[in-house]
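Colleague: Structure incoming, see below.
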Amino acid sequence: MSLFLATLLPGLFLAVLGGLLVSNQSVVTSSLQALPRSATATLFLFGGAALWFLWIVWHSSMADNFEHPVLLTVAFAVVAGLAFKCVPDFLAVRGLCVLVLLVGWYLRAAAYMEYDKPLRLLLVIPLYLLIAAALWLGVQPYRLRDFFSWLFLRSGRARTLGAGLLGYGLLLAGVAFTY
């Protein structure tokens, strides 16, 4: 992935997410508040994260120190299947965290060793903060539910966060064209 795309796509995503929060529509509010325990979100977020991770493990090589990637893939598939059955609570949040980590891997790799482009730090610094948040929320997924409860307690909070995300997303999208 090029640094241009690695900056443009998150910028557009943040701008859309910010626009949705600024609009303060009830469907956005209810969807975000239902996300942590949603069965549909669990299927898409955790299922998608598990499939992506399994694909990475399946395609690993001997250089990755995996002598038997097929056995490892099967073992992780069993664990992911058991997670759906045994620990379904907040599984959507954990899936979202895994997706953030996997996407962050590619975004970080695109900005790696690009020292001649200092504006890449507008992508990299928030990315590392997001990775830290994903690790934290992966361990304590109920904190996302608590955050959404706090965020939507007053409509001004969601709009302020949305305006910040919209502005930063547009900034990132603009920075992508300076490389």
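The chains in the structure tokens are called A, B, ... from first to last as shown; in each chain the residues are counted from 1, and the ligands are counted from 1 in the order shown.
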Residues within 10 Å of A:His68, please, as a list of chain:residue names. Count only C-alpha atoms; anything in the same chain fewer than 5 positions from it doesn't count.
Modeller: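 In the requested format, the answer is A:Val57, A:Trp58, A:Ser60, A:Ser61, A:Met62, A:Thr73.
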Colleague: Near A:His59, within 12 Å and counting only C-alpha atoms, which residues show up once chain neighbours fewer than 5 positions away are dropped, as a list in words?
Modeller: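 Result of the neighbour search: Trp52, Phe53, Leu54, Asp64, Phe66, Glu67, His68, Pro69, Val70, Leu72 and Thr73 of chain A.
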Colleague: Write out, as a PDB file, in the first residue's frame, the residues just selected, with C-alpha atoms.
Modeller:
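Full text of again15.pdb as output:
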```pdb
ATOM      1  CA  TRP A  52      -8.361 -12.099   7.922  1.00  0.00           C
ATOM      2  CA  PHE A  53      -6.104 -13.391  10.704  1.00  0.00           C
ATOM      3  CA  LEU A  54      -6.582 -16.978   9.562  1.00  0.00           C
ATOM      4  CA  ASP A  64       7.879 -16.750   9.991  1.00  0.00           C
ATOM      5  CA  PHE A  66       5.801 -21.670  11.391  1.00  0.00           C
ATOM      6  CA  GLU A  67       6.657 -25.202  10.408  1.00  0.00           C
ATOM      7  CA  HIS A  68       3.018 -26.242  10.116  1.00  0.00           C
ATOM      8  CA  PRO A  69       0.841 -23.233   9.228  1.00  0.00           C
ATOM      9  CA  VAL A  70      -2.091 -25.516   8.399  1.00  0.00           C
ATOM     10  CA  LEU A  72      -1.868 -23.424  13.398  1.00  0.00           C
ATOM     11  CA  THR A  73      -4.662 -22.164  11.158  1.00  0.00           C
TER      12      THR A  73
END
```
Colleague: Restricting the calculation to only C-alpha atoms, which member of A:Ile125, A:Val100, A:Val93, A:Leu21 is positioned closest to A:Arg145?
Modeller: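 Distance minimum relative to A:Arg145 lands on A:Val93.
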Colleague: As a ChimeraX atom specification, please: the residues near A:Leu130 (cut-off 10 Å, only C-alpha atoms, same-chain neighbours under 5 positions excluded).
Modeller: /A:97,100-101,104,124-125,135-136
Colleague: Rank nothing, just name the residue among A:Thr160, A:Ser149, A:Gln140, A:Thr178 nearest to A:Thr7, using only C-alpha atoms.
Modeller: A:Thr178
Colleague: Excluding A:Leu91 and its own-chain neighbours fewer than 4 positions away, which residues fall within 9 Å of it when counting only C-alpha atoms? Please give them as a PyMOL selection string.
Modeller: chain A and resi 36-39+41-43+45-46+83-84+87+95-96+141
